$ cat start20.cif   # mmCIF, C-alpha atoms
data_coords
#
loop_
_atom_site.label_atom_id
_atom_site.label_comp_id
_atom_site.auth_asym_id
_atom_site.auth_seq_id
_atom_site.Cartn_x
_atom_site.Cartn_y
_atom_site.Cartn_z
CA MET Y 12 106.46 123.01 117.62
CA PRO Y 13 107.92 123.47 121.11
CA ILE Y 14 108.44 120.26 123.09
CA ALA Y 15 107.51 119.14 126.59
CA ALA Y 16 108.78 115.79 127.89
CA ILE Y 17 107.11 113.65 130.57
CA VAL Y 18 109.80 112.00 132.71
CA GLY Y 19 109.84 109.97 135.94
CA ARG Y 20 110.49 106.60 137.51
CA PRO Y 21 108.44 103.54 136.43
CA ASN Y 22 104.75 103.14 137.26
CA VAL Y 23 103.95 106.69 138.36
CA GLY Y 24 101.33 107.16 135.58
CA LYS Y 25 103.33 108.93 132.88
CA SER Y 26 101.55 107.19 129.99
CA THR Y 27 98.11 107.76 131.55
CA LEU Y 28 98.94 111.48 131.87
CA PHE Y 29 100.26 111.54 128.29
CA ASN Y 30 97.03 109.98 126.96
CA LYS Y 31 94.92 112.41 129.01
CA LEU Y 32 96.78 115.52 127.81
CA THR Y 33 96.85 114.46 124.13
CA GLY Y 34 93.26 113.22 124.16
CA GLN Y 35 94.21 109.91 122.53
CA ARG Y 36 95.00 106.39 123.73
CA THR Y 37 98.42 106.37 122.12
CA SER Y 38 100.59 104.93 124.91
CA ILE Y 39 99.87 101.49 126.34
CA VAL Y 40 98.85 101.72 130.00
CA ASP Y 41 99.27 98.80 132.42
CA ASP Y 42 100.10 98.30 136.09
CA THR Y 43 103.31 96.49 135.13
CA PRO Y 44 106.43 98.69 135.48
CA GLY Y 45 108.45 99.34 132.32
CA VAL Y 46 105.59 99.07 129.80
CA THR Y 47 106.69 102.15 127.82
CA ARG Y 48 110.13 101.72 126.28
CA ASP Y 49 110.50 104.10 123.35
CA ARG Y 50 109.77 107.80 123.06
CA ILE Y 51 106.09 108.31 122.18
CA TYR Y 52 105.20 111.61 120.51
CA GLY Y 53 101.82 113.33 120.56
CA THR Y 54 100.30 116.78 120.07
CA CYS Y 55 98.75 118.68 122.97
CA GLU Y 56 96.63 121.81 122.62
CA TRP Y 57 96.01 124.26 125.43
CA LEU Y 58 94.68 127.84 125.24
CA ARG Y 59 94.76 127.63 121.42
CA ARG Y 60 98.45 126.77 121.48
CA GLU Y 61 99.87 123.49 120.23
CA PHE Y 62 103.03 121.78 121.40
CA THR Y 63 104.64 118.36 121.11
CA LEU Y 64 104.41 116.08 124.13
CA ILE Y 65 106.83 113.15 124.64
CA ASP Y 66 106.10 110.11 126.78
CA THR Y 67 109.19 108.25 127.99
CA GLY Y 68 110.04 104.98 129.72
CA GLY Y 69 110.63 104.98 133.46
CA ILE Y 70 114.16 105.81 134.64
CA ASP Y 71 115.27 103.11 137.07
CA ARG Y 72 118.98 102.73 137.82
CA LEU Y 73 118.53 99.45 139.72
CA ALA Y 74 116.46 97.80 136.97
CA ALA Y 75 119.18 98.64 134.45
CA GLY Y 76 121.35 95.96 136.06
CA GLY Y 77 118.80 93.13 135.95
CA ASN Y 78 118.02 90.42 133.42
CA MET Y 79 116.69 92.97 130.92
CA SER Y 80 119.69 95.24 131.41
CA GLU Y 81 120.15 95.95 127.69
CA ILE Y 82 116.56 97.10 127.23
CA TYR Y 83 116.47 99.09 130.49
CA ALA Y 84 119.72 100.83 129.58
CA SER Y 85 118.23 101.72 126.18
CA MET Y 86 115.07 103.00 127.91
CA CYS Y 87 117.22 105.35 130.01
CA GLU Y 88 118.98 106.55 126.82
CA GLN Y 89 115.60 107.21 125.18
CA ALA Y 90 114.49 109.21 128.23
CA GLN Y 91 117.77 111.17 128.20
CA THR Y 92 117.28 112.03 124.52
CA ALA Y 93 113.79 113.33 125.32
CA ILE Y 94 115.26 115.46 128.13
CA ASP Y 95 117.93 116.87 125.80
CA THR Y 96 115.42 117.82 123.06
CA ALA Y 97 112.66 119.19 125.33
CA ASP Y 98 112.04 122.86 126.09
CA VAL Y 99 110.37 122.01 129.40
CA ILE Y 100 110.23 118.83 131.50
CA ILE Y 101 107.20 117.51 133.38
CA PHE Y 102 108.62 115.42 136.23
CA VAL Y 103 105.92 112.96 137.35
CA THR Y 104 105.90 111.45 140.85
CA ASP Y 105 103.38 109.31 142.72
CA LEU Y 106 101.47 110.57 145.79
CA LYS Y 107 100.40 107.08 146.92
CA SER Y 108 103.92 105.61 147.11
CA GLY Y 109 105.40 108.90 148.35
CA LEU Y 110 108.86 110.33 147.72
CA THR Y 111 111.40 107.59 146.94
CA ALA Y 112 115.18 107.41 146.48
CA ASN Y 113 114.55 106.78 142.78
CA ASP Y 114 112.61 110.08 142.58
CA SER Y 115 115.64 111.86 144.04
CA ASP Y 116 117.91 110.19 141.45
CA VAL Y 117 115.66 111.32 138.60
CA ALA Y 118 115.48 114.85 140.06
CA ASN Y 119 119.31 115.05 140.09
CA ILE Y 120 119.45 113.98 136.43
CA LEU Y 121 116.86 116.59 135.46
CA GLN Y 122 118.55 119.41 137.37
CA LYS Y 123 121.79 118.76 135.48
CA SER Y 124 119.95 119.37 132.18
CA GLY Y 125 119.39 123.05 133.02
CA LYS Y 126 115.85 122.85 131.57
CA PRO Y 127 112.73 124.24 133.32
CA ILE Y 128 111.24 121.45 135.47
CA ILE Y 129 107.58 121.27 136.52
CA LEU Y 130 106.97 118.90 139.42
CA CYS Y 131 103.76 116.90 138.91
CA VAL Y 132 102.48 114.73 141.79
CA ASN Y 133 100.15 112.19 140.20
CA LYS Y 134 97.38 109.98 141.68
CA CYS Y 135 95.84 112.80 143.73
CA ASP Y 136 92.41 111.32 142.98
CA LYS Y 137 90.41 112.83 145.86
CA THR Y 138 88.39 115.91 144.94
CA GLY Y 139 88.04 119.01 147.09
CA LYS Y 140 90.07 122.07 148.04
CA GLU Y 141 92.01 120.37 150.82
CA ILE Y 142 95.67 119.77 149.97
CA PRO Y 143 96.76 116.19 150.76
CA PRO Y 144 99.32 116.32 153.62
CA GLU Y 145 101.49 113.78 151.73
CA LEU Y 146 102.07 116.45 149.08
CA TYR Y 147 104.39 118.51 151.29
CA GLU Y 148 107.20 115.95 151.35
CA PHE Y 149 107.78 116.54 147.60
CA TYR Y 150 109.10 120.03 148.42
CA ASN Y 151 112.23 118.15 149.58
CA LEU Y 152 113.19 117.65 145.93
CA GLY Y 153 113.98 121.37 145.69
CA LEU Y 154 112.03 121.82 142.46
CA GLY Y 155 109.53 124.39 143.67
CA GLU Y 156 105.79 124.02 144.06
CA PRO Y 157 104.39 120.57 143.24
CA PHE Y 158 101.23 120.38 141.10
CA PRO Y 159 98.71 117.78 142.36
CA VAL Y 160 97.17 115.92 139.41
CA SER Y 161 94.92 112.94 138.75
CA SER Y 162 95.85 111.64 135.30
CA VAL Y 163 92.93 109.18 135.42
CA HIS Y 164 90.22 111.77 136.14
CA GLY Y 165 91.96 114.86 134.76
CA HIS Y 166 91.92 116.83 138.01
CA GLY Y 167 94.63 119.51 138.13
CA THR Y 168 95.74 119.08 134.51
CA GLY Y 169 94.57 122.60 133.64
CA ASP Y 170 96.84 124.20 136.25
CA LEU Y 171 99.67 121.94 135.10
CA LEU Y 172 99.27 122.99 131.44
CA ASP Y 173 99.03 126.67 132.43
CA GLU Y 174 102.49 126.29 133.99
CA VAL Y 175 103.87 124.30 131.02
CA ILE Y 176 103.03 126.88 128.36
CA LYS Y 177 104.76 129.63 130.39
CA PHE Y 178 108.11 128.03 129.49
CA LEU Y 179 107.43 127.01 125.85
CA PRO Y 180 108.92 129.16 123.05
CA PHE Y 181 105.94 129.62 120.73
CA GLU Y 182 106.51 131.28 117.36
CA ASN Y 183 103.98 133.61 115.75
CA GLY Y 184 104.78 132.67 112.15
CA ASP Y 185 102.15 130.84 110.04
CA GLU Y 186 103.53 127.54 108.88
CA ASN Y 187 102.60 126.17 105.47
CA THR Y 188 100.69 122.96 106.19
CA ASP Y 189 99.39 122.34 102.65
CA THR Y 190 101.92 119.60 101.91
CA ALA Y 191 100.31 116.17 102.05
CA ILE Y 192 101.79 113.77 104.59
CA THR Y 193 102.06 110.07 103.74
CA ALA Y 194 101.55 107.68 106.66
CA VAL Y 195 103.67 104.52 106.27
CA ALA Y 196 103.11 101.57 108.63
CA VAL Y 197 106.10 99.22 108.95
CA ILE Y 198 104.58 95.81 109.75
CA GLY Y 199 105.70 92.21 110.11
CA LYS Y 200 106.48 89.54 112.67
CA PRO Y 201 108.95 90.09 115.56
CA ASN Y 202 112.65 90.56 114.81
CA ALA Y 203 112.15 91.26 111.10
CA GLY Y 204 114.07 94.56 111.46
CA LYS Y 205 111.19 97.06 111.59
CA SER Y 206 112.74 99.25 114.30
CA SER Y 207 116.17 99.09 112.63
CA LEU Y 208 114.59 100.39 109.41
CA VAL Y 209 112.90 103.29 111.21
CA ASN Y 210 116.16 104.21 112.98
CA LYS Y 211 118.15 104.07 109.71
CA ILE Y 212 115.65 106.28 107.89
CA SER Y 213 115.58 108.82 110.75
CA GLY Y 214 119.35 108.85 111.18
CA GLN Y 215 119.05 108.48 114.97
CA GLN Y 216 118.35 105.86 117.64
CA ARG Y 217 114.66 106.74 117.62
CA VAL Y 218 113.44 103.27 118.65
CA ILE Y 219 115.08 100.64 120.87
CA VAL Y 220 116.56 97.77 118.82
CA SER Y 221 117.26 94.42 120.46
CA GLU Y 222 117.48 90.79 119.45
CA ILE Y 223 114.91 90.10 122.17
CA ALA Y 224 111.62 89.57 120.33
CA GLY Y 225 108.82 91.92 121.38
CA THR Y 226 111.03 94.89 122.33
CA THR Y 227 108.73 97.39 120.58
CA ARG Y 228 105.33 97.66 122.25
CA ASP Y 229 103.71 100.93 121.24
CA ALA Y 230 103.14 102.16 117.70
CA ILE Y 231 105.87 104.81 117.31
CA ASP Y 232 105.24 107.73 114.91
CA LEU Y 233 108.30 109.23 113.22
CA PRO Y 234 107.71 112.38 111.11
CA LEU Y 235 110.40 113.01 108.47
CA GLU Y 236 110.99 114.63 105.11
CA TYR Y 237 112.55 112.90 102.10
CA ASN Y 238 113.18 114.57 98.72
CA GLY Y 239 110.70 117.32 99.57
CA GLU Y 240 107.94 114.86 100.55
CA LYS Y 241 106.61 114.58 104.11
CA TYR Y 242 106.13 111.18 105.73
CA VAL Y 243 105.14 109.70 109.07
CA PHE Y 244 106.72 106.26 109.54
CA ILE Y 245 104.89 104.13 112.11
CA ASP Y 246 107.00 101.45 113.76
CA THR Y 247 104.70 98.70 115.04
CA ALA Y 248 105.07 95.77 117.41
CA GLY Y 249 105.83 92.43 115.77
CA LEU Y 250 102.62 90.43 115.28
CA ARG Y 251 102.78 86.86 116.57
CA ARG Y 252 100.24 84.05 116.49
CA LYS Y 253 97.29 84.54 118.84
CA SER Y 254 98.19 81.32 120.66
CA LYS Y 255 101.58 82.80 121.61
CA VAL Y 256 100.20 86.14 122.83
CA ASN Y 257 99.87 85.73 126.59
CA GLU Y 258 100.49 89.08 128.29
CA ASN Y 259 97.89 91.84 128.31
CA ILE Y 260 100.62 94.27 127.27
CA GLU Y 261 101.29 92.29 124.09
CA LYS Y 262 97.57 92.19 123.34
CA TYR Y 263 97.54 95.98 123.50
CA SER Y 264 100.60 96.04 121.22
CA VAL Y 265 98.77 93.93 118.64
CA LEU Y 266 95.78 96.29 118.75
CA ARG Y 267 98.10 99.30 118.27
CA ALA Y 268 99.74 97.56 115.27
CA TYR Y 269 96.38 96.87 113.61
CA SER Y 270 95.30 100.44 114.35
CA ALA Y 271 98.51 101.68 112.64
CA ILE Y 272 97.58 99.72 109.51
CA ASP Y 273 94.09 101.26 109.59
CA ARG Y 274 95.45 104.82 109.57
CA ALA Y 275 98.31 104.22 107.12
CA ASP Y 276 98.38 105.18 103.44
CA VAL Y 277 101.07 102.59 102.61
CA CYS Y 278 102.15 99.43 104.44
CA VAL Y 279 105.75 98.20 104.24
CA MET Y 280 105.65 94.46 104.92
CA MET Y 281 109.01 93.39 106.35
CA ILE Y 282 110.27 89.87 105.59
CA ASP Y 283 113.38 88.37 107.22
CA ALA Y 284 115.55 87.18 104.30
CA GLU Y 285 117.29 84.61 106.53
CA GLU Y 286 114.04 83.11 107.80
CA GLY Y 287 112.00 83.50 104.62
CA PHE Y 288 108.22 83.60 104.30
CA THR Y 289 106.14 82.24 107.20
CA GLU Y 290 102.44 81.66 107.79
CA GLN Y 291 102.36 84.64 110.15
CA ASP Y 292 103.66 86.90 107.36
CA SER Y 293 100.65 85.94 105.23
CA LYS Y 294 98.25 86.82 108.08
CA VAL Y 295 99.84 90.22 108.69
CA ALA Y 296 99.92 91.06 104.97
CA GLY Y 297 96.40 89.69 104.60
CA TYR Y 298 95.08 92.24 107.09
CA ALA Y 299 96.64 95.10 105.08
CA HIS Y 300 95.16 93.59 101.89
CA ASP Y 301 91.67 93.30 103.42
CA LYS Y 302 91.86 96.95 104.52
CA GLY Y 303 92.66 98.01 100.94
CA LYS Y 304 96.08 99.47 101.74
CA ALA Y 305 98.83 100.08 99.19
CA SER Y 306 101.66 97.69 100.07
CA VAL Y 307 105.36 97.18 99.46
CA ILE Y 308 107.07 93.91 100.45
CA ALA Y 309 110.57 94.66 101.78
CA ILE Y 310 112.92 91.68 102.15
CA ASN Y 311 115.28 92.79 104.93
CA LYS Y 312 118.77 91.55 105.96
CA TRP Y 313 119.67 90.98 102.30
CA ASP Y 314 123.29 91.86 103.16
CA LEU Y 315 123.53 88.62 105.20
CA ILE Y 316 122.52 86.32 102.32
CA GLU Y 317 125.16 84.54 100.21
CA LYS Y 318 124.30 85.54 96.67
CA SER Y 319 124.85 84.57 93.07
CA ASP Y 320 123.49 86.25 89.94
CA LYS Y 321 120.29 84.15 90.26
CA THR Y 322 119.61 84.45 94.01
CA MET Y 323 117.33 87.49 93.85
CA ARG Y 324 115.21 86.14 90.99
CA GLU Y 325 114.82 82.74 92.69
CA PHE Y 326 113.78 84.46 95.92
CA GLU Y 327 111.26 86.57 93.99
CA LYS Y 328 109.74 83.51 92.31
CA LYS Y 329 109.21 81.83 95.66
CA LEU Y 330 107.67 84.98 97.17
CA GLU Y 331 105.34 85.35 94.18
CA VAL Y 332 103.91 81.95 95.10
CA ASP Y 333 103.79 82.76 98.82
CA PHE Y 334 102.09 86.12 98.21
CA SER Y 335 99.79 84.86 95.44
CA PHE Y 336 96.86 86.59 97.18
CA MET Y 337 98.50 90.00 96.64
CA LYS Y 338 100.42 89.69 93.37
CA TYR Y 339 100.09 93.45 92.87
CA ALA Y 340 102.61 94.21 95.66
CA PRO Y 341 106.15 95.05 94.44
CA PHE Y 342 109.26 93.56 96.08
CA VAL Y 343 112.39 95.39 97.19
CA PHE Y 344 115.48 93.77 98.73
CA ILE Y 345 116.92 96.00 101.44
CA SER Y 346 119.24 96.10 104.42
CA ALA Y 347 118.01 98.24 107.31
CA LYS Y 348 121.49 97.96 108.84
CA THR Y 349 123.48 99.30 105.86
CA GLY Y 350 120.77 101.38 104.17
CA GLN Y 351 120.92 99.30 100.97
CA ARG Y 352 118.15 100.25 98.45
CA LEU Y 353 116.31 102.62 100.79
CA ASP Y 354 116.02 105.06 97.85
CA LYS Y 355 114.19 102.35 95.92
CA LEU Y 356 111.92 101.74 98.92
CA PHE Y 357 110.87 105.41 98.98
CA GLU Y 358 110.22 105.33 95.22
CA LEU Y 359 107.90 102.36 95.66
CA ILE Y 360 106.12 103.95 98.63
CA LYS Y 361 105.40 107.08 96.59
CA PHE Y 362 104.35 105.07 93.51
CA THR Y 363 102.00 102.70 95.37
CA ARG Y 364 100.41 105.60 97.28
CA GLU Y 365 99.61 107.34 93.97
CA GLN Y 366 98.19 104.13 92.49
CA ASN Y 367 96.02 103.56 95.58
CA ALA Y 368 94.48 107.03 95.13
CA ARG Y 369 94.20 106.94 91.32
CA ARG Y 370 90.95 107.70 89.45
CA ILE Y 371 90.08 106.39 85.98
CA SER Y 372 87.45 108.01 83.74
CA THR Y 373 84.19 106.16 83.12
CA GLY Y 374 84.65 106.30 79.34
CA MET Y 375 88.04 104.57 79.47
CA LEU Y 376 86.67 101.93 81.87
CA ASN Y 377 83.75 101.06 79.58
CA ASP Y 378 86.06 100.81 76.54
CA MET Y 379 88.11 98.31 78.55
CA LEU Y 380 84.96 96.40 79.58
CA ALA Y 381 83.76 96.09 75.98
CA THR Y 382 87.14 94.74 74.87
CA ALA Y 383 87.33 92.31 77.82
CA THR Y 384 83.83 90.83 77.26
CA ALA Y 385 84.48 90.48 73.54
CA ARG Y 386 87.73 88.64 74.22
CA VAL Y 387 86.25 86.23 76.81
CA GLN Y 388 82.48 85.67 76.79
CA PRO Y 389 80.74 86.12 80.19
CA PRO Y 390 79.56 82.85 81.79
CA SER Y 391 76.06 81.41 81.29
CA ASP Y 392 73.78 79.01 83.16
CA ARG Y 393 70.78 77.11 81.72
CA GLY Y 394 70.64 79.34 78.69
CA LYS Y 395 70.91 82.58 80.66
CA ARG Y 396 74.09 84.52 79.96
CA LEU Y 397 75.69 87.15 82.19
CA LYS Y 398 75.52 90.63 80.66
CA LEU Y 399 77.79 93.42 81.88
CA TYR Y 400 76.20 96.76 81.04
CA TYR Y 401 78.32 99.42 82.61
CA ILE Y 402 81.35 100.06 84.87
CA THR Y 403 82.28 103.14 86.87
CA GLN Y 404 84.79 103.97 89.61
CA ALA Y 405 83.01 104.66 92.89
CA ASP Y 406 85.92 105.31 95.26
CA VAL Y 407 89.69 105.38 95.85
CA LYS Y 408 91.98 103.98 98.57
CA PRO Y 409 91.53 101.30 97.31
CA PRO Y 410 90.26 101.87 93.74
CA THR Y 411 86.67 100.58 93.88
CA PHE Y 412 84.66 99.77 90.74
CA VAL Y 413 80.93 99.16 90.46
CA ILE Y 414 79.80 96.92 87.57
CA PHE Y 415 76.10 96.80 86.61
CA CYS Y 416 74.88 93.47 85.26
CA ASN Y 417 71.66 91.53 84.62
CA ARG Y 418 72.20 88.82 87.30
CA ILE Y 419 74.68 88.89 90.18
CA ASP Y 420 74.47 85.10 90.68
CA LEU Y 421 75.99 84.60 87.22
CA PHE Y 422 78.88 86.96 87.94
CA HIS Y 423 81.16 84.25 89.32
CA PHE Y 424 84.34 84.96 91.29
CA SER Y 425 86.51 83.63 88.44
CA TYR Y 426 85.06 86.12 85.96
CA GLN Y 427 85.39 88.95 88.51
CA ARG Y 428 89.08 88.02 88.80
CA TYR Y 429 89.34 88.11 84.98
CA ILE Y 430 87.87 91.63 84.89
CA GLU Y 431 90.24 92.72 87.67
CA ASN Y 432 93.20 91.38 85.67
CA GLN Y 433 91.98 93.28 82.60
CA ILE Y 434 91.76 96.51 84.62
CA ARG Y 435 95.33 96.00 85.83
CA GLU Y 436 96.58 95.08 82.35
CA THR Y 437 95.02 98.22 80.88
CA PHE Y 438 95.58 100.82 83.61
CA GLY Y 439 98.36 99.40 85.81
CA LEU Y 440 97.27 99.98 89.42
CA ASP Y 441 100.36 98.15 90.74
CA GLY Y 442 100.90 98.10 94.47
CA THR Y 443 97.24 98.45 95.42
CA PRO Y 444 94.32 96.06 95.86
CA ILE Y 445 91.24 96.55 93.68
CA LYS Y 446 87.67 96.17 94.87
CA ILE Y 447 84.87 95.16 92.45
CA ILE Y 448 81.22 95.53 93.50
CA PRO Y 449 78.61 93.88 91.21
CA ARG Y 450 75.14 95.48 91.05
CA GLU Y 451 72.02 94.37 89.21
CA ARG Y 452 70.58 97.00 86.90
CA GLY Y 453 68.03 99.09 88.74
CA GLU Y 454 69.52 98.24 92.14
#
$ encode --input "start20.cif" --output "structure tokens"
Amino acid sequence: MPIAAIVGRPNVGKSTLFNKLTGQRTSIVDDTPGVTRDRIYGTCEWLRREFTLIDTGGIDRLAAGGNMSEIYASMCEQAQTAIDTADVIIFVTDLKSGLTANDSDVANILQKSGKPIILCVNKCDKTGKEIPPELYEFYNLGLGEPFPVSSVHGHGTGDLLDEVIKFLPFENGDENTDTAITAVAVIGKPNAGKSSLVNKISGQQRVIVSEIAGTTRDAIDLPLEYNGEKYVFIDTAGLRRKSKVNENIEKYSVLRAYSAIDRADVCVMMIDAEEGFTEQDSKVAGYAHDKGKASVIAINKWDLIEKSDKTMREFEKKLEVDFSFMKYAPFVFISAKTGQRLDKLFELIKFTREQNARRISTGMLNDMLATATARVQPPSDRGKRLKLYYITQADVKPPTFVIFCNRIDLFHFSYQRYIENQIRETFGLDGTPIKIIPRERGE
């Protein structure tokens, strides 16, 4: 699809405009300057035409020399990449603060790109036909007629989009959209290498990488194709303990990360090989487990570990104990920096996705149930024994099985776990949680 990029200095309302035009709360919005850091992609539809919209971090030359110089410099690079790839640029300014020297700097950068530039003056919140007198000073930028917009209320966005689609190169060909797309959420605690993995897979500096924990704030979607399969990798913010989450921005980041898990088909749980398993890792993985997501545990930075022929197996044994609540999840030892075993990671993503969506016939399930109950008798209490009559698969993602019995109170957790193990032993279902729902006959 054609691309339009939203560009401007910090705190002019770029992310609010992006969310309004895409119809989703994708970008985090806060009064603090510099909230958006990476390029955020979304789809905008206007007059039955779809195009890609990019939200960028604010361009601020002065901030690039401060304490966060590395991150601010990377933000400017991300914005420049968006400018280079866009077909048209929406230059956002702020009516309330007026025309600033920083606006003029950004305008000079945009004019050098040679791309069509649409001047958007945001925060024109008053309704009515009268043009705000403050609007006229924006003609000094030499970018033509400014479009007054209120990104909060949506005023003026129609006229803005009418102008945008004039410059977008739409194609009339029908694209084949039948290919299924696998959504993969890359999750874990801060500094585990999630953004480095996404950049390595994409082959470009798609997300800012820094040793400063908490660099990634939004959930960044990265569409890509690998061996003929289509994927969307979602880079999420590192999830810290609630007691350490102080800023509102980080709270929004945590919500975006959990939302990414909710919409993912597969979760890649990143573990720092140098730091090892932590309590926070179990909480993050536990959320994916509770949501019934297929999961792969990727041990990153394996290239930095001193190894012998037994190192990997010893590490696996320890992780099997740490992740005892999700023994079904396969391990892969990778290096996001060098690309080590990324082929294996994709194999496991594809395999676990298929297992998560697998269906098993009722006849095969009941044959398994008969064998399992004959091997280990169901529990009894005061002369009353549990009887399992029938099993059927009710749903997928995760595979969900309903078992009809005579008394639910006799169907103890330990025997449910035994039946789950028998299902896995018979049918596999590696990489995915299993849900068992007991029902009394006639219920």
$ resolve_selection --input "start20.cif" --expression "the PyMOL selection byres ((chain Y and resi 179) around 9)" --output "ChimeraX atom specification"
/Y:13-15,62,98-99,175-178,180-181
$ closest_residue --input "start20.cif" --among "Y:Met280, Y:Val132, Y:Ile94, Y:Ala340" --to "Val295 (chain Y)" --atoms "all atoms listed in the file"
Y:Met280
$ resolve_selection --input "start20.cif" --expression "the PyMOL selection byres ((chain Y and resi 342) around 12)" --output "PyMOL selection string"
chain Y and resi 279-282+306-311+323-324+326-331+334+337-341+343-345+352+355-356+358-360+363+441-442
$ residues_near_point --input "start20.cif" --point "(105.5, 107.3, 128.6)" --cutoff "6 Å" --atoms "all atoms listed in the file" --output "MDAnalysis selection string"
chainID Y and resid 25:26 47 66:68
$ closest_residue --input "start20.cif" --among "Y:Asn417, Y:Thr247, Y:Gln122, Y:Gln433" --to "Thr384 (chain Y)" --atoms "all atoms listed in the file"
Y:Gln433
$ atom_distance --input "start20.cif" --atom1 "CA of His164 (chain Y)" --atom2 "CA of Ala16 (chain Y)"
20.7 Å
$ resolve_selection --input "start20.cif" --expression "the PyMOL selection byres ((chain Y and resi 272) around 12)" --output "ChimeraX atom specification"
/Y:194-199,230,244-248,265-271,273-280,295-306
$ closest_residue --input "start20.cif" --among "Y:Leu380, Y:Ala203, Y:Leu172, Y:Ile17" --to "Phe29 (chain Y)" --atoms "all atoms listed in the file"
Y:Ile17
$ atom_distance --input "start20.cif" --atom1 "CA of Glu436 (chain Y)" --atom2 "CA of Asp320 (chain Y)"
29.3 Å
$ residues_near_point --input "start20.cif" --point "(81.9, 110.1, 91.2)" --cutoff "10 Å" --atoms "only C-alpha atoms" --output "PyMOL selection string"
chain Y and resi 370+372-373+403-406
$ closest_residue --input "start20.cif" --among "Y:Tyr52, Y:Ala118, Y:Cys131, Y:Asp105" --to "Val243 (chain Y)" --atoms "only C-alpha atoms"
Y:Tyr52
$ residues_around --input "start20.cif" --residues "Lys137 (chain Y)" --least-positions-apart "5" --cutoff "12 Å" --atoms "all atoms listed in the file" --output "list in words"
Leu106, Lys107, Ile142, Pro143, Pro159, Val160, Ser161, Ser162, Val163, His164, Gly165, His166 and Gly167 of chain Y
$ closest_residue --input "start20.cif" --among "Y:Ile447, Y:Leu28, Y:Leu353, Y:Ala385" --to "Phe102 (chain Y)" --atoms "all atoms listed in the file"
Y:Leu28
$ closest_residue --input "start20.cif" --among "Y:Leu58, Y:Cys87, Y:Leu315, Y:Leu421" --to "Glu285 (chain Y)" --atoms "only C-alpha atoms"
Y:Leu315
$ atom_distance --input "start20.cif" --atom1 "CA of Phe412 (chain Y)" --atom2 "CA of Pro449 (chain Y)"
8.5 Å
$ decode --input "start20.cif" --residues "region 149-158 of chain Y" --atoms "N, CA, C and O atoms" --output "CSV table (one decimal), in the first residue's frame"
chain,number,residue,atom,x,y,z
Y,149,PHE,N,1.7,30.4,9.8
Y,149,PHE,CA,2.3,29.2,9.3
Y,149,PHE,C,2.5,29.2,7.8
Y,149,PHE,O,3.2,28.4,7.2
Y,150,TYR,N,2.0,30.3,7.1
Y,150,TYR,CA,2.3,30.5,5.7
Y,150,TYR,C,3.8,30.8,5.5
Y,150,TYR,O,4.4,30.6,4.4
Y,151,ASN,N,4.4,31.3,6.6
Y,151,ASN,CA,5.9,31.6,6.5
Y,151,ASN,C,6.8,30.4,6.3
Y,151,ASN,O,7.9,30.6,5.9
Y,152,LEU,N,6.3,29.2,6.5
Y,152,LEU,CA,7.1,28.0,6.2
Y,152,LEU,C,7.3,27.8,4.7
Y,152,LEU,O,8.1,27.0,4.4
Y,153,GLY,N,6.4,28.4,3.9
Y,153,GLY,CA,6.6,28.3,2.5
Y,153,GLY,C,6.1,26.9,2.0
Y,153,GLY,O,6.6,26.4,0.9
Y,154,LEU,N,5.2,26.3,2.7
Y,154,LEU,CA,4.7,24.9,2.3
Y,154,LEU,C,3.3,25.0,1.8
Y,154,LEU,O,2.6,23.9,1.7
Y,155,GLY,N,2.8,26.1,1.4
Y,155,GLY,CA,1.4,26.2,0.9
Y,155,GLY,C,0.4,26.4,2.0
Y,155,GLY,O,0.7,26.8,3.1
Y,156,GLU,N,-0.8,26.0,1.6
Y,156,GLU,CA,-2.0,26.3,2.5
Y,156,GLU,C,-1.9,25.3,3.7
Y,156,GLU,O,-1.8,24.1,3.5
Y,157,PRO,N,-2.0,25.9,4.9
Y,157,PRO,CA,-2.1,25.0,6.1
Y,157,PRO,C,-3.5,24.5,6.3
Y,157,PRO,O,-4.5,25.2,6.1
Y,158,PHE,N,-3.6,23.2,6.8
Y,158,PHE,CA,-4.9,22.6,7.1
Y,158,PHE,C,-5.2,22.6,8.6
Y,158,PHE,O,-4.5,21.9,9.3
